[in-house]
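**Q** For reference, this is input-v5.pdb, and it has PDB, C-alpha atoms, pLDDT in the B column.
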```
ATOM      1  CA  MET A 183      35.446  29.642 -24.625  1.00 77.00           C
ATOM      2  CA  GLY A 184      35.882  32.607 -26.949  1.00 96.00           C
ATOM      3  CA  VAL A 185      38.347  35.064 -28.422  1.00 98.00           C
ATOM      4  CA  ALA A 186      40.680  37.153 -26.253  1.00 98.00           C
ATOM      5  CA  VAL A 187      43.103  39.968 -27.032  1.00 98.00           C
ATOM      6  CA  VAL A 188      46.002  40.486 -24.619  1.00 98.00           C
ATOM      7  CA  THR A 189      48.157  43.570 -25.110  1.00 98.00           C
ATOM      8  CA  GLY A 190      51.772  43.752 -24.012  1.00 98.00           C
ATOM      9  CA  ALA A 191      51.794  39.961 -24.137  1.00 98.00           C
ATOM     10  CA  GLY A 192      55.276  39.457 -25.531  1.00 97.00           C
ATOM     11  CA  ARG A 193      56.737  38.927 -22.057  1.00 95.00           C
ATOM     12  CA  GLY A 194      56.084  39.206 -18.330  1.00 94.00           C
ATOM     13  CA  ILE A 195      52.565  39.384 -16.956  1.00 96.00           C
ATOM     14  CA  GLY A 196      51.056  39.694 -20.430  1.00 97.00           C
ATOM     15  CA  ARG A 197      52.692  36.479 -21.567  1.00 98.00           C
ATOM     16  CA  GLY A 198      51.417  34.727 -18.441  1.00 97.00           C
ATOM     17  CA  ILE A 199      47.886  35.972 -19.098  1.00 98.00           C
ATOM     18  CA  ALA A 200      47.968  34.917 -22.749  1.00 98.00           C
ATOM     19  CA  LEU A 201      49.146  31.420 -21.834  1.00 98.00           C
ATOM     20  CA  ARG A 202      46.516  31.070 -19.097  1.00 98.00           C
ATOM     21  CA  LEU A 203      43.630  32.251 -21.273  1.00 98.00           C
ATOM     22  CA  SER A 204      44.705  29.789 -23.933  1.00 98.00           C
ATOM     23  CA  ARG A 205      44.640  26.976 -21.387  1.00 98.00           C
ATOM     24  CA  ASP A 206      41.153  28.162 -20.434  1.00 98.00           C
ATOM     25  CA  GLY A 207      40.084  27.511 -24.015  1.00 98.00           C
ATOM     26  CA  HIS A 208      40.283  30.963 -25.588  1.00 98.00           C
ATOM     27  CA  ALA A 209      41.723  31.701 -28.985  1.00 98.00           C
ATOM     28  CA  VAL A 210      44.279  34.369 -28.130  1.00 98.00           C
ATOM     29  CA  ALA A 211      45.423  37.385 -30.103  1.00 98.00           C
ATOM     30  CA  VAL A 212      48.894  38.094 -28.746  1.00 98.00           C
ATOM     31  CA  ASN A 213      49.683  41.781 -29.037  1.00 98.00           C
ATOM     32  CA  ASP A 214      52.979  43.520 -28.406  1.00 97.00           C
ATOM     33  CA  ARG A 215      54.797  46.351 -30.110  1.00 95.00           C
ATOM     34  CA  ASP A 216      57.764  43.963 -30.177  1.00 95.00           C
ATOM     35  CA  ALA A 217      56.844  41.726 -33.103  1.00 96.00           C
ATOM     36  CA  HIS A 218      59.406  39.092 -32.109  1.00 97.00           C
ATOM     37  CA  GLY A 219      57.973  38.780 -28.602  1.00 97.00           C
ATOM     38  CA  ALA A 220      54.379  38.553 -29.842  1.00 98.00           C
ATOM     39  CA  THR A 221      55.313  35.933 -32.426  1.00 98.00           C
ATOM     40  CA  ALA A 222      57.252  33.855 -29.896  1.00 98.00           C
ATOM     41  CA  VAL A 223      54.360  33.745 -27.406  1.00 98.00           C
ATOM     42  CA  ALA A 224      51.828  32.924 -30.126  1.00 98.00           C
ATOM     43  CA  GLU A 225      54.040  30.065 -31.266  1.00 98.00           C
ATOM     44  CA  GLU A 226      54.389  28.885 -27.664  1.00 98.00           C
ATOM     45  CA  ILE A 227      50.604  28.711 -27.395  1.00 98.00           C
ATOM     46  CA  ARG A 228      50.223  26.872 -30.689  1.00 98.00           C
ATOM     47  CA  SER A 229      52.942  24.407 -29.714  1.00 98.00           C
ATOM     48  CA  ALA A 230      50.898  23.561 -26.615  1.00 97.00           C
ATOM     49  CA  GLY A 231      47.845  22.863 -28.744  1.00 98.00           C
ATOM     50  CA  GLY A 232      46.100  26.227 -28.459  1.00 98.00           C
ATOM     51  CA  THR A 233      44.954  28.765 -31.030  1.00 97.00           C
ATOM     52  CA  ALA A 234      46.906  32.003 -31.200  1.00 98.00           C
ATOM     53  CA  VAL A 235      47.839  34.715 -33.661  1.00 97.00           C
ATOM     54  CA  ALA A 236      50.444  37.434 -33.182  1.00 98.00           C
ATOM     55  CA  TYR A 237      49.298  41.025 -33.748  1.00 96.00           C
ATOM     56  CA  PRO A 238      52.198  43.481 -33.407  1.00 95.00           C
ATOM     57  CA  ALA A 239      50.783  46.961 -32.799  1.00 96.00           C
ATOM     58  CA  ASP A 240      51.468  50.027 -30.681  1.00 97.00           C
ATOM     59  CA  VAL A 241      48.645  50.642 -28.194  1.00 98.00           C
ATOM     60  CA  THR A 242      49.424  54.372 -28.193  1.00 98.00           C
ATOM     61  CA  ASP A 243      48.150  54.562 -31.784  1.00 98.00           C
ATOM     62  CA  PRO A 244      44.332  54.540 -31.745  1.00 98.00           C
ATOM     63  CA  ASP A 245      44.062  53.688 -35.440  1.00 98.00           C
ATOM     64  CA  ALA A 246      46.403  50.720 -35.002  1.00 98.00           C
ATOM     65  CA  VAL A 247      44.383  49.461 -32.022  1.00 98.00           C
ATOM     66  CA  THR A 248      41.097  49.792 -33.901  1.00 98.00           C
ATOM     67  CA  ALA A 249      42.539  47.993 -36.916  1.00 98.00           C
ATOM     68  CA  MET A 250      43.956  45.213 -34.737  1.00 97.00           C
ATOM     69  CA  VAL A 251      40.693  44.607 -32.884  1.00 98.00           C
ATOM     70  CA  GLY A 252      38.722  44.586 -36.138  1.00 97.00           C
ATOM     71  CA  GLN A 253      41.135  42.150 -37.706  1.00 97.00           C
ATOM     72  CA  VAL A 254      41.017  39.872 -34.656  1.00 97.00           C
ATOM     73  CA  ALA A 255      37.216  39.798 -34.711  1.00 97.00           C
ATOM     74  CA  GLU A 256      37.202  39.006 -38.417  1.00 96.00           C
ATOM     75  CA  GLU A 257      39.957  36.382 -38.433  1.00 95.00           C
ATOM     76  CA  LEU A 258      39.177  34.622 -35.147  1.00 96.00           C
ATOM     77  CA  GLY A 259      35.405  34.921 -35.288  1.00 95.00           C
ATOM     78  CA  GLY A 260      34.596  37.568 -32.697  1.00 96.00           C
ATOM     79  CA  LEU A 261      35.852  39.252 -29.557  1.00 98.00           C
ATOM     80  CA  ASP A 262      34.853  38.187 -26.060  1.00 98.00           C
ATOM     81  CA  VAL A 263      37.707  39.409 -23.854  1.00 98.00           C
ATOM     82  CA  MET A 264      40.010  42.414 -24.069  1.00 98.00           C
ATOM     83  CA  VAL A 265      42.920  42.494 -21.634  1.00 98.00           C
ATOM     84  CA  ALA A 266      44.586  45.917 -21.790  1.00 98.00           C
ATOM     85  CA  ASN A 267      47.780  44.797 -20.094  1.00 98.00           C
ATOM     86  CA  ALA A 268      50.464  46.873 -21.831  1.00 98.00           C
ATOM     87  CA  GLY A 269      52.213  49.248 -19.460  1.00 97.00           C
ATOM     88  CA  ILE A 270      55.504  50.898 -18.601  1.00 95.00           C
ATOM     89  CA  ALA A 271      57.114  52.308 -15.459  1.00 93.00           C
ATOM     90  CA  GLN A 272      59.722  54.937 -14.656  1.00 93.00           C
ATOM     91  CA  VAL A 273      61.497  55.707 -11.383  1.00 92.00           C
ATOM     92  CA  LYS A 274      61.876  59.460 -10.877  1.00 94.00           C
ATOM     93  CA  PRO A 275      61.129  62.067  -8.198  1.00 95.00           C
ATOM     94  CA  LEU A 276      58.164  64.227  -9.126  1.00 97.00           C
ATOM     95  CA  LEU A 277      60.359  67.348  -9.082  1.00 98.00           C
ATOM     96  CA  GLU A 278      62.437  65.831 -11.901  1.00 97.00           C
ATOM     97  CA  VAL A 279      59.594  64.528 -14.067  1.00 98.00           C
ATOM     98  CA  THR A 280      59.575  66.219 -17.484  1.00 98.00           C
ATOM     99  CA  PRO A 281      56.725  66.832 -19.932  1.00 98.00           C
ATOM    100  CA  ASP A 282      58.182  64.108 -22.151  1.00 98.00           C
ATOM    101  CA  ASP A 283      58.194  61.680 -19.223  1.00 98.00           C
ATOM    102  CA  LEU A 284      54.527  62.416 -18.580  1.00 98.00           C
ATOM    103  CA  ARG A 285      53.538  62.084 -22.223  1.00 98.00           C
ATOM    104  CA  THR A 286      55.346  58.787 -22.611  1.00 98.00           C
ATOM    105  CA  ILE A 287      53.929  57.080 -19.530  1.00 98.00           C
ATOM    106  CA  PHE A 288      50.390  58.436 -19.958  1.00 98.00           C
ATOM    107  CA  ASP A 289      50.412  57.500 -23.653  1.00 98.00           C
ATOM    108  CA  VAL A 290      50.898  53.830 -22.801  1.00 98.00           C
ATOM    109  CA  ASN A 291      49.284  53.389 -19.384  1.00 98.00           C
ATOM    110  CA  VAL A 292      46.221  55.621 -19.823  1.00 98.00           C
ATOM    111  CA  PHE A 293      45.664  56.469 -23.477  1.00 98.00           C
ATOM    112  CA  GLY A 294      46.478  52.886 -24.480  1.00 98.00           C
ATOM    113  CA  VAL A 295      43.898  51.575 -22.030  1.00 98.00           C
ATOM    114  CA  VAL A 296      41.274  53.990 -23.374  1.00 98.00           C
ATOM    115  CA  TYR A 297      41.976  53.018 -26.987  1.00 98.00           C
ATOM    116  CA  CYS A 298      41.731  49.306 -26.179  1.00 98.00           C
ATOM    117  CA  LEU A 299      38.530  49.845 -24.218  1.00 98.00           C
ATOM    118  CA  GLN A 300      36.951  51.880 -27.010  1.00 98.00           C
ATOM    119  CA  ALA A 301      37.885  49.506 -29.813  1.00 98.00           C
ATOM    120  CA  ALA A 302      36.811  46.397 -27.910  1.00 98.00           C
ATOM    121  CA  ALA A 303      33.536  47.898 -26.693  1.00 98.00           C
ATOM    122  CA  ARG A 304      32.521  48.976 -30.195  1.00 98.00           C
ATOM    123  CA  VAL A 305      33.013  45.460 -31.539  1.00 98.00           C
ATOM    124  CA  MET A 306      31.267  43.872 -28.571  1.00 98.00           C
ATOM    125  CA  ILE A 307      28.301  46.255 -28.860  1.00 98.00           C
ATOM    126  CA  ASP A 308      27.991  45.614 -32.596  1.00 97.00           C
ATOM    127  CA  ARG A 309      28.003  41.859 -31.994  1.00 95.00           C
ATOM    128  CA  GLY A 310      25.447  42.180 -29.206  1.00 96.00           C
ATOM    129  CA  THR A 311      26.855  39.286 -27.192  1.00 92.00           C
ATOM    130  CA  GLY A 312      28.402  41.167 -24.269  1.00 97.00           C
ATOM    131  CA  GLY A 313      31.984  40.733 -23.218  1.00 98.00           C
ATOM    132  CA  LYS A 314      34.741  41.300 -20.698  1.00 98.00           C
ATOM    133  CA  ILE A 315      37.145  44.238 -20.637  1.00 98.00           C
ATOM    134  CA  VAL A 316      40.009  43.864 -18.181  1.00 98.00           C
ATOM    135  CA  SER A 317      42.744  46.446 -17.631  1.00 98.00           C
ATOM    136  CA  ALA A 318      46.065  46.568 -15.818  1.00 98.00           C
ATOM    137  CA  ALA A 319      46.070  48.792 -12.759  1.00 98.00           C
ATOM    138  CA  SER A 320      48.466  48.299  -9.820  1.00 97.00           C
ATOM    139  CA  ILE A 321      48.841  48.603  -6.078  1.00 96.00           C
ATOM    140  CA  ALA A 322      50.146  52.021  -7.133  1.00 96.00           C
ATOM    141  CA  GLY A 323      46.608  52.767  -8.259  1.00 96.00           C
ATOM    142  CA  HIS A 324      45.413  52.498  -4.663  1.00 96.00           C
ATOM    143  CA  GLN A 325      48.407  54.087  -2.934  1.00 95.00           C
ATOM    144  CA  GLY A 326      50.850  56.583  -4.397  1.00 95.00           C
ATOM    145  CA  PHE A 327      54.466  55.467  -4.104  1.00 92.00           C
ATOM    146  CA  ASP A 328      57.472  57.747  -3.779  1.00 92.00           C
ATOM    147  CA  LEU A 329      59.681  57.868  -6.881  1.00 93.00           C
ATOM    148  CA  LEU A 330      56.735  56.378  -8.794  1.00 95.00           C
ATOM    149  CA  GLY A 331      54.391  59.364  -8.550  1.00 97.00           C
ATOM    150  CA  HIS A 332      53.611  59.749 -12.254  1.00 98.00           C
ATOM    151  CA  TYR A 333      53.320  55.979 -12.669  1.00 97.00           C
ATOM    152  CA  SER A 334      50.922  55.913  -9.707  1.00 98.00           C
ATOM    153  CA  ALA A 335      48.869  58.681 -11.315  1.00 98.00           C
ATOM    154  CA  THR A 336      48.382  56.587 -14.452  1.00 98.00           C
ATOM    155  CA  LYS A 337      47.150  53.651 -12.415  1.00 98.00           C
ATOM    156  CA  PHE A 338      44.731  55.810 -10.413  1.00 98.00           C
ATOM    157  CA  ALA A 339      43.439  56.903 -13.823  1.00 98.00           C
ATOM    158  CA  VAL A 340      42.857  53.283 -14.841  1.00 98.00           C
ATOM    159  CA  ARG A 341      40.667  52.819 -11.767  1.00 98.00           C
ATOM    160  CA  ALA A 342      38.566  55.855 -12.719  1.00 98.00           C
ATOM    161  CA  LEU A 343      38.223  54.680 -16.310  1.00 98.00           C
ATOM    162  CA  THR A 344      37.230  51.214 -15.103  1.00 98.00           C
ATOM    163  CA  GLN A 345      34.446  52.597 -12.930  1.00 98.00           C
ATOM    164  CA  ALA A 346      33.096  54.970 -15.577  1.00 98.00           C
ATOM    165  CA  ALA A 347      33.220  52.391 -18.359  1.00 98.00           C
ATOM    166  CA  ALA A 348      31.532  49.777 -16.174  1.00 98.00           C
ATOM    167  CA  LYS A 349      28.552  52.102 -15.723  1.00 98.00           C
ATOM    168  CA  GLU A 350      28.388  53.074 -19.396  1.00 98.00           C
ATOM    169  CA  LEU A 351      28.755  49.557 -20.799  1.00 98.00           C
ATOM    170  CA  ALA A 352      26.613  47.618 -18.332  1.00 98.00           C
ATOM    171  CA  PRO A 353      23.480  47.960 -20.552  1.00 98.00           C
ATOM    172  CA  HIS A 354      25.409  46.098 -23.244  1.00 98.00           C
ATOM    173  CA  ARG A 355      26.282  43.232 -20.879  1.00 98.00           C
ATOM    174  CA  ILE A 356      29.956  44.216 -20.957  1.00 98.00           C
ATOM    175  CA  THR A 357      31.763  44.058 -17.639  1.00 98.00           C
ATOM    176  CA  VAL A 358      34.819  46.217 -16.985  1.00 98.00           C
ATOM    177  CA  ASN A 359      37.310  45.396 -14.241  1.00 98.00           C
ATOM    178  CA  ALA A 360      40.996  45.845 -13.451  1.00 98.00           C
ATOM    179  CA  TYR A 361      43.685  43.850 -11.691  1.00 98.00           C
ATOM    180  CA  CYS A 362      46.207  45.409  -9.331  1.00 97.00           C
ATOM    181  CA  PRO A 363      49.466  43.446  -9.094  1.00 96.00           C
ATOM    182  CA  GLY A 364      52.148  44.185  -6.533  1.00 92.00           C
ATOM    183  CA  ILE A 365      55.797  43.187  -6.601  1.00 86.00           C
ATOM    184  CA  VAL A 366      56.144  40.813  -9.521  1.00 85.00           C
ATOM    185  CA  GLY A 367      59.274  39.033 -10.681  1.00 71.00           C
ATOM    186  CA  THR A 368      59.255  40.499 -14.199  1.00 70.00           C
ATOM    187  CA  ASP A 369      61.411  42.741 -16.390  1.00 72.00           C
ATOM    188  CA  MET A 370      59.469  45.787 -15.182  1.00 72.00           C
ATOM    189  CA  TRP A 371      60.438  45.145 -11.586  1.00 69.00           C
ATOM    190  CA  ASP A 372      64.019  44.451 -12.658  1.00 74.00           C
ATOM    191  CA  LEU A 373      63.972  47.953 -14.165  1.00 72.00           C
ATOM    192  CA  ILE A 374      62.462  49.484 -11.013  1.00 75.00           C
ATOM    193  CA  ASP A 375      65.069  47.706  -8.891  1.00 68.00           C
ATOM    194  CA  GLU A 376      67.878  48.978 -11.127  1.00 75.00           C
ATOM    195  CA  GLN A 377      66.638  52.579 -11.266  1.00 75.00           C
ATOM    196  CA  MET A 378      65.918  52.820  -7.537  1.00 70.00           C
ATOM    197  CA  GLY A 379      69.249  51.194  -6.749  1.00 70.00           C
ATOM    198  CA  ALA A 380      71.036  53.768  -8.900  1.00 73.00           C
ATOM    199  CA  ARG A 381      69.547  56.520  -6.746  1.00 72.00           C
ATOM    200  CA  SER A 382      70.027  54.879  -3.345  1.00 70.00           C
ATOM    201  CA  GLY A 383      73.322  53.118  -3.964  1.00 72.00           C
ATOM    202  CA  ALA A 384      71.734  49.711  -3.404  1.00 68.00           C
ATOM    203  CA  GLY A 385      73.143  46.788  -5.328  1.00 73.00           C
ATOM    204  CA  LYS A 386      71.281  44.738  -7.915  1.00 74.00           C
ATOM    205  CA  GLY A 387      68.349  42.957  -6.341  1.00 72.00           C
ATOM    206  CA  GLU A 388      68.588  44.750  -2.986  1.00 78.00           C
ATOM    207  CA  THR A 389      65.664  47.127  -3.605  1.00 73.00           C
ATOM    208  CA  LEU A 390      63.460  44.272  -4.789  1.00 75.00           C
ATOM    209  CA  LYS A 391      64.426  42.307  -1.691  1.00 79.00           C
ATOM    210  CA  GLN A 392      63.559  45.287   0.515  1.00 81.00           C
ATOM    211  CA  TYR A 393      60.118  45.691  -1.071  1.00 76.00           C
ATOM    212  CA  ALA A 394      59.508  41.939  -0.996  1.00 81.00           C
ATOM    213  CA  ALA A 395      60.049  41.932   2.762  1.00 84.00           C
ATOM    214  CA  ALA A 396      56.747  43.818   3.062  1.00 85.00           C
ATOM    215  CA  ILE A 397      54.741  41.015   1.429  1.00 89.00           C
ATOM    216  CA  PRO A 398      52.719  39.208   4.137  1.00 94.00           C
ATOM    217  CA  LEU A 399      52.570  36.006   2.078  1.00 92.00           C
ATOM    218  CA  GLY A 400      56.357  35.937   2.100  1.00 90.00           C
ATOM    219  CA  ARG A 401      57.318  35.701  -1.552  1.00 89.00           C
ATOM    220  CA  VAL A 402      57.578  37.769  -4.708  1.00 89.00           C
ATOM    221  CA  GLN A 403      54.573  37.481  -6.985  1.00 92.00           C
ATOM    222  CA  THR A 404      54.706  35.552 -10.257  1.00 94.00           C
ATOM    223  CA  ALA A 405      53.034  36.275 -13.578  1.00 95.00           C
ATOM    224  CA  ASP A 406      50.978  33.126 -13.047  1.00 96.00           C
ATOM    225  CA  ASP A 407      49.564  34.564  -9.812  1.00 96.00           C
ATOM    226  CA  VAL A 408      48.218  37.528 -11.774  1.00 97.00           C
ATOM    227  CA  ALA A 409      47.080  35.421 -14.706  1.00 98.00           C
ATOM    228  CA  ALA A 410      44.991  33.210 -12.433  1.00 98.00           C
ATOM    229  CA  PHE A 411      42.984  36.222 -11.297  1.00 98.00           C
ATOM    230  CA  VAL A 412      42.637  37.584 -14.830  1.00 98.00           C
ATOM    231  CA  SER A 413      41.304  34.138 -15.796  1.00 98.00           C
ATOM    232  CA  TYR A 414      38.515  34.693 -13.263  1.00 98.00           C
ATOM    233  CA  LEU A 415      37.781  38.216 -14.549  1.00 98.00           C
ATOM    234  CA  ALA A 416      37.668  36.898 -18.116  1.00 98.00           C
ATOM    235  CA  GLY A 417      35.432  33.951 -17.283  1.00 98.00           C
ATOM    236  CA  PRO A 418      31.751  33.380 -16.466  1.00 97.00           C
ATOM    237  CA  ASP A 419      32.237  33.216 -12.688  1.00 98.00           C
ATOM    238  CA  SER A 420      32.781  37.010 -12.653  1.00 98.00           C
ATOM    239  CA  ASP A 421      29.620  37.846 -14.618  1.00 98.00           C
ATOM    240  CA  TYR A 422      28.160  39.809 -11.677  1.00 98.00           C
ATOM    241  CA  MET A 423      31.334  41.763 -11.017  1.00 98.00           C
ATOM    242  CA  THR A 424      32.023  45.097 -12.685  1.00 98.00           C
ATOM    243  CA  GLY A 425      33.726  48.414 -11.981  1.00 98.00           C
ATOM    244  CA  GLN A 426      36.291  46.876  -9.631  1.00 98.00           C
ATOM    245  CA  ALA A 427      40.072  47.294  -9.409  1.00 98.00           C
ATOM    246  CA  VAL A 428      41.119  44.389  -7.220  1.00 98.00           C
ATOM    247  CA  MET A 429      44.396  43.787  -5.396  1.00 96.00           C
ATOM    248  CA  ILE A 430      46.324  40.661  -6.250  1.00 96.00           C
ATOM    249  CA  ASP A 431      49.533  41.484  -4.413  1.00 93.00           C
ATOM    250  CA  GLY A 432      50.125  39.043  -1.543  1.00 94.00           C
ATOM    251  CA  GLY A 433      48.792  41.561   0.969  1.00 94.00           C
ATOM    252  CA  VAL A 434      51.175  44.494   0.436  1.00 91.00           C
ATOM    253  CA  VAL A 435      48.368  47.055   0.273  1.00 88.00           C
ATOM    254  CA  MET A 436      45.128  46.242   2.073  1.00 86.00           C
ATOM    255  CA  VAL A 437      42.073  48.414   1.430  1.00 79.00           C
TER     256      VAL A 437
END
```
I'd like the structure from this file rewritten - as structure tokens, please.

**A**
Amino acid sequence: MGVAVVTGAGRGIGRGIALRLSRDGHAVAVNDRDAHGATAVAEEIRSAGGTAVAYPADVTDPDAVTAMVGQVAEELGGLDVMVANAGIAQVKPLLEVTPDDLRTIFDVNVFGVVYCLQAAARVMIDRGTGGKIVSAASIAGHQGFDLLGHYSATKFAVRALTQAAAKELAPHRITVNAYCPGIVGTDMWDLIDEQMGARSGAGKGETLKQYAAAIPLGRVQTADDVAAFVSYLAGPDSDYMTGQAVMIDGGVVMV
């Protein structure tokens, strides 16, 4: 179908997205700042018969992102889909959040998204063939969560960037959308469970279980659940959809 870049694809949701886009027929550039993770997922895709190349790079470095996207377009023959998936979380009351905490989480979750959007859009505009830019938001981008205030702020920012970019890039036939996962069984949620448990005294897995009880569909989300929706956003069936940040969370937050 085309060429796709997926950032933060060395594990978790990013890995699921990379695998799904490969099954859809895309050549996939697997990005992660962990070179081992990126290489392992790229090899997993190739072993299944797909085309994939690992591109270790830090999305908080704009020059590295620009170089990666340029190299992908040159080596794989273009760029049709950018999935700015890389993200981090931290559990902390707002009164305890430090300047370093803010810089770290905004560097990855907001600045990284901007750098990916800019680099991808420039290549897509130069090629003149349109494209799809898809970013990771969250249910926390629609509703602020206690102990995740600064994380929530970054995801609200992704929604704003998605809307603005969709308007600016529409003349170039580039759509810009975001996906908003909920409670996903990944390393990030293991970290959230651990950090919240340390504050509340809850044992391992108890916080996740408590949050999962609020899911109307009755189960914790999987990376494949998210990847299936990203497949739609990256494919032709979503050609008339832009500027949206859509829930894919089992019904936790309904707007």

**Q** Can you work out the spacing between atom CA of A:Arg401 and atom CA of A:Gly432 in Å, to one decimal?

**A**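 About the pair atom CA of A:Arg401 and atom CA of A:Gly432: they are 7.9 Å apart.
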
**Q** Exactly which residues make up the result of the PyMOL selection byres ((chain A and resi 206-211) around 6) on this file, given as a list in words?

**A**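 Written out, the selection comes to Met183, Gly184, Val185, Ala186, Val187, Leu203, Ser204, Arg205, Val212, Thr233, Ala234, Val235 and Ala236 of chain A.
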
**Q** Next, write the just-selected residues to a file, as a PDB file, in the coordinates of the input, keeping C-alpha atoms as the atom set.

**A**
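The resulting file, result_13.pdb, is shown below:
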```
ATOM      1  CA  MET A 183      35.446  29.642 -24.625  1.00 77.00           C
ATOM      2  CA  GLY A 184      35.882  32.607 -26.949  1.00 96.00           C
ATOM      3  CA  VAL A 185      38.347  35.064 -28.422  1.00 98.00           C
ATOM      4  CA  ALA A 186      40.680  37.153 -26.253  1.00 98.00           C
ATOM      5  CA  VAL A 187      43.103  39.968 -27.032  1.00 98.00           C
ATOM      6  CA  LEU A 203      43.630  32.251 -21.273  1.00 98.00           C
ATOM      7  CA  SER A 204      44.705  29.789 -23.933  1.00 98.00           C
ATOM      8  CA  ARG A 205      44.640  26.976 -21.387  1.00 98.00           C
ATOM      9  CA  VAL A 212      48.894  38.094 -28.746  1.00 98.00           C
ATOM     10  CA  THR A 233      44.954  28.765 -31.030  1.00 97.00           C
ATOM     11  CA  ALA A 234      46.906  32.003 -31.200  1.00 98.00           C
ATOM     12  CA  VAL A 235      47.839  34.715 -33.661  1.00 97.00           C
ATOM     13  CA  ALA A 236      50.444  37.434 -33.182  1.00 98.00           C
TER      14      ALA A 236
END
```

**Q** Just to confirm, what's the straight-line distance from atom CA of A:Val279 to atom CA of A:Asp369 in Å (one decimal)?

**A**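 One can read the atom CA of A:Val279 to atom CA of A:Asp369 distance as 22.0 Å.
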
**Q** Quick one: apply the PyMOL selection byres ((chain A and resi 314) around 12) to the file and drop the selected residues here as a PyMOL selection string.

**A** chain A and resi 184-188+261-266+298-299+302-303+305-307+311-313+315-317+344+347-348+351-352+354-360+412-425

**Q** Considering only C-alpha atoms, can you say which of A:Leu284, A:Ile365, A:Ala301, A:Ala239 comes closest to A:Ala255?

**A**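 With only C-alpha atoms as the atom set, the closest residue is A:Ala301.
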
**Q** Can you list, as a ChimeraX atom specification, every protein, DNA or RNA residue that comes within 10 Å of A:Tyr393 when you count only C-alpha atoms, leaving out same-chain residues fewer than 4 positions away?

**A** /A:364-365,375,388-389,397,402,434

**Q** So which residues touch A:Gln403 within 12 Å, counting all atoms listed in the file, skipping near sequence neighbours fewer than 3 positions away, as a ChimeraX atom specification?

**A** /A:194-195,362-368,371,390,393-394,397-400,406-410,430-434

**Q** Measuring between only C-alpha atoms, which one of A:Ile199, A:Leu277, A:Ile270, A:Val435 shows the shortest distance to A:Thr404?

**A** A:Ile199

**Q** Of the candidates A:Gly294, A:Gly192, A:Gly383, A:Gly331, which shows the shortest atom-to-atom distance to A:Asp245, using only C-alpha atoms?

**A**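 Looking at the shortest contact to A:Asp245, the residue is A:Gly294.
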
**Q** So, with only C-alpha atoms as the atoms that count, which of A:Ala220, A:Tyr237, A:Leu329, A:Ser320 lies closest to A:Glu257?

**A**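 Selected residue with least distance to A:Glu257: A:Tyr237.
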
**Q** Take atom CA of A:Ala224 and atom CA of A:Met250 and report the distance between them in Å, one decimal.

**A**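 Between atom CA of A:Ala224 and atom CA of A:Met250 the gap is 15.3 Å.
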
**Q** Between A:Thr336, A:Ala322, A:Tyr297, A:Phe327, single out the one closest to A:Arg285, counting only C-alpha atoms.

**A** A:Thr336

**Q** A:Gly323: which residues within 7 Å, counting only C-alpha atoms, same-chain residues fewer than 5 positions away excluded, as a PyMOL selection string?

**A** chain A and resi 334+337-338+341

**Q** Need the axis-aligned box for stretch 422-429 of chain A with 3 Å each side, so what are the centre and edges in Å to one decimal, as JSON?

**A**
```
{"center_x": 36.3, "center_y": 44.1, "center_z": -9.0, "size_x": 22.2, "size_y": 14.6, "size_z": 13.3}
```

**Q** Please write the residues picked by the PyMOL selection byres ((chain A and resi 288) around 12) on this file as a PDB file with C-alpha atoms, in the frame of the given file.

**A**
```
ATOM      1  CA  VAL A 241      48.645  50.642 -28.194  1.00 98.00           C
ATOM      2  CA  THR A 242      49.424  54.372 -28.193  1.00 98.00           C
ATOM      3  CA  ALA A 268      50.464  46.873 -21.831  1.00 98.00           C
ATOM      4  CA  GLY A 269      52.213  49.248 -19.460  1.00 97.00           C
ATOM      5  CA  ILE A 270      55.504  50.898 -18.601  1.00 95.00           C
ATOM      6  CA  ALA A 271      57.114  52.308 -15.459  1.00 93.00           C
ATOM      7  CA  GLN A 272      59.722  54.937 -14.656  1.00 93.00           C
ATOM      8  CA  PRO A 281      56.725  66.832 -19.932  1.00 98.00           C
ATOM      9  CA  ASP A 282      58.182  64.108 -22.151  1.00 98.00           C
ATOM     10  CA  ASP A 283      58.194  61.680 -19.223  1.00 98.00           C
ATOM     11  CA  LEU A 284      54.527  62.416 -18.580  1.00 98.00           C
ATOM     12  CA  ARG A 285      53.538  62.084 -22.223  1.00 98.00           C
ATOM     13  CA  THR A 286      55.346  58.787 -22.611  1.00 98.00           C
ATOM     14  CA  ILE A 287      53.929  57.080 -19.530  1.00 98.00           C
ATOM     15  CA  ASP A 289      50.412  57.500 -23.653  1.00 98.00           C
ATOM     16  CA  VAL A 290      50.898  53.830 -22.801  1.00 98.00           C
ATOM     17  CA  ASN A 291      49.284  53.389 -19.384  1.00 98.00           C
ATOM     18  CA  VAL A 292      46.221  55.621 -19.823  1.00 98.00           C
ATOM     19  CA  PHE A 293      45.664  56.469 -23.477  1.00 98.00           C
ATOM     20  CA  GLY A 294      46.478  52.886 -24.480  1.00 98.00           C
ATOM     21  CA  VAL A 295      43.898  51.575 -22.030  1.00 98.00           C
ATOM     22  CA  VAL A 296      41.274  53.990 -23.374  1.00 98.00           C
ATOM     23  CA  HIS A 332      53.611  59.749 -12.254  1.00 98.00           C
ATOM     24  CA  TYR A 333      53.320  55.979 -12.669  1.00 97.00           C
ATOM     25  CA  SER A 334      50.922  55.913  -9.707  1.00 98.00           C
ATOM     26  CA  ALA A 335      48.869  58.681 -11.315  1.00 98.00           C
ATOM     27  CA  THR A 336      48.382  56.587 -14.452  1.00 98.00           C
ATOM     28  CA  LYS A 337      47.150  53.651 -12.415  1.00 98.00           C
ATOM     29  CA  PHE A 338      44.731  55.810 -10.413  1.00 98.00           C
ATOM     30  CA  ALA A 339      43.439  56.903 -13.823  1.00 98.00           C
ATOM     31  CA  VAL A 340      42.857  53.283 -14.841  1.00 98.00           C
TER      32      VAL A 340
END
```
